[in-house]
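Engineer: Quick one: the structure is below, questions incoming.
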Amino acid sequence: MESLATTTFDAIKLLLSGDPEIWTIIGISFQISTTAIVIAMVPAVLLGFVLAYYSFPGRRFLVAFFNTMLAVPAVVVGLTLYVILSRQGPLGDWKLLFTQTAMVLGQITLSFPILVAMSHAAFQSTELRAWDTAKTLSSSIAKAFFIIMREVRFPLLGALLAAYGRIIAEVGASMMLGGNILNYTRNIPTAIALETSKGDFAQGIALGIILVSMAFLLTMGLHVMQGKGTVVHD
Amino acid sequence: MISITRPVHLTYKNIVKTYGKGNHSKLILSDIELQIKGGECTLITGKNGSGKSTLLRIIGGLLRPNKATIETGLITLNWKKYRNLIKNDVMYLYQEPYMFDGTVRKNLSYALHKDQAKEAVDKALKWAELEHRSNTQAKFLSGGERQRVALAQAWLKQPAVLLLDEPTANMDTKSRKRTEDLLSTFKESGTALYIASHDPNHFHRITNHRLLLDEGRIVQTDTNLLNESAQNIKDKSDNNITVLSKQIS
């Protein structure tokens, strides 16, 4: 216990010291994950919406496919993309392996099914009356879509948080696709894995504190936006 | 943007609707013919499961019929053209109108056209006597108030056809009269009203035509109810209501 307390104290000191290496790692992590989520968000939410409100051949297959993808380990996604992006792979000529772009691709692949499945569930939770009413009131499908989006904004924000939480903390795909290159592709989880293997627990814990703090702040933000967080009204 | 010529005149012939497929299919509507004319109110009545709501949803473009011939003037419309034509001119109100998350004012603002001023919402609140509820969460309103919010949305949209599914179900007499008064203003402005109600006694002050549905077929039609002399209306209405009530029960 004493050792853990000492290491945590060292980790906090390290964070407060403004160590450029650690803050570069944090910056890279947020930059890559935010880029991935921003790219994946719009098409995934649209797909979730289409799966919830439109009937077409293959719809059930797609729903089952994206739900299955939720269970795929990050390292398998990393391995698949590694094979595709490696020099011998079909996209080897693009020379993306061990770049931030490859990491973004990996994180898009990981976050997309979460966003689709959770936004589909969010849209599905509304009544058919809601969609019919939105269409009746609106002069265009786009306006009706935004009315429904507003109606399910909290579950959608929850989906975004879940997807963001998954990709910013995943290590398998980032390690395989980014290569853990200092000041370029080393992000929080790959740095934690590396520092822990070297026995430098303070830096690992410092980065862990950042991850947990971020998760807490995002969750609190969502909670504040939702209001009192109760179904009872005065 | 294509839109309905007003006053609206739509003719529907041979509407057929089944649910399910193959041996499990169930005939819901069969060989329905009707007309919609601007400024007129038609009451569709019949017992539960007779097909009233399904018919309204088809007219509202929310449910595709298996078969139907739809005409406006001399033009016959296929389903896709029909839906395109009516999308901004036909409004369907549920028995329990859906209220979106937010205040009454916010819910009304969804019905605004892009060229409509925000002050129109204040006028709609006043029209529906909901000014005191403008900042109330719409989901917490009573059934009667929700119906008035939905009517105020319709008032903002000014549809050519307003379809109402059991709009006064579970309302007390006062609320029902208030709803009827609001509906009569739509009629006066040239909107065609189609109302589904299980009770043939409702809406007699504004009803021009009455259709009785039974097992998906129109089994009785009363027309021009408001054009006859007061005594005739009373006699015919009382007589028909008795017959209809017996048939429904």
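Chain identifiers are assigned as A, B, and so on, following the order in which chains appear in the structure tokens; residues are numbered from 1 within each chain, and ligands are numbered from 1 in order of appearance.
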Compile the residues of chain A that lie within 7 Å of chain B, evaluated using only C-alpha atoms, and express the compilation as number ranges by chain.

Structural biologist: A: 129-130, 133, 136-139, 151

Engineer: List every residue of stretch 57-166 of chain A that DSSP, applied to the backbone of this structure, assigns to alpha helix (DSSP H), and report them as JSON, numbers by chain.

Structural biologist: {"A": [59, 60, 61, 62, 63, 64, 65, 66, 67, 68, 69, 74, 75, 76, 77, 78, 79, 80, 81, 82, 83, 84, 85, 100, 101, 102, 103, 104, 105, 106, 107, 108, 109, 110, 111, 112, 113, 114, 115, 116, 117, 118, 119, 120, 121, 122, 123, 124, 125, 128, 129, 130, 131, 132, 133, 134, 135, 136, 137, 141, 142, 143, 144, 145, 146, 147, 148, 149, 150, 151, 153, 154, 155, 156, 157, 158, 159, 160, 161, 162, 163, 164, 165, 166]}

Engineer: Quick one: distance from atom CA of A:Ser111 to atom CA of A:Ile209 in Å, one decimal?

Structural biologist: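 Pair atom CA of A:Ser111 / atom CA of A:Ile209 returns 22.6 Å.
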
Engineer: Which residues, written as a ChimeraX atom specification, have at least one atom at most 9 Å from stretch 41-57 of chain A, with only C-alpha atoms counted and residues fewer than 3 positions away on the same chain left out?

Structural biologist: /A:36-38,60-63,111-124,128,131,145,156,160

Engineer: Could the residues of stretch 139-241 of chain B that have an atom at most 8 Å from stretch 123-129 of chain B be listed as a Markdown table, each with its closest atom pair and the distance in Å to one decimal, counting only C-alpha atoms and ordered by chain and ascending residue number?

Structural biologist:
| residue | atom | partner | partner_atom | distance |
| --- | --- | --- | --- | --- |
| B:Arg148 | CA | B:Ala128 | CA | 5.9 |
| B:Val149 | CA | B:Ala128 | CA | 7.2 |
| B:Leu151 | CA | B:Ala128 | CA | 7.5 |
| B:Ala152 | CA | B:Ala124 | CA | 5.4 |
| B:Gln153 | CA | B:Ala124 | CA | 7.6 |
| B:Trp155 | CA | B:Ala124 | CA | 6.8 |
| B:Leu156 | CA | B:Ala124 | CA | 6.7 |
| B:Leu182 | CA | B:Ala128 | CA | 7.4 |
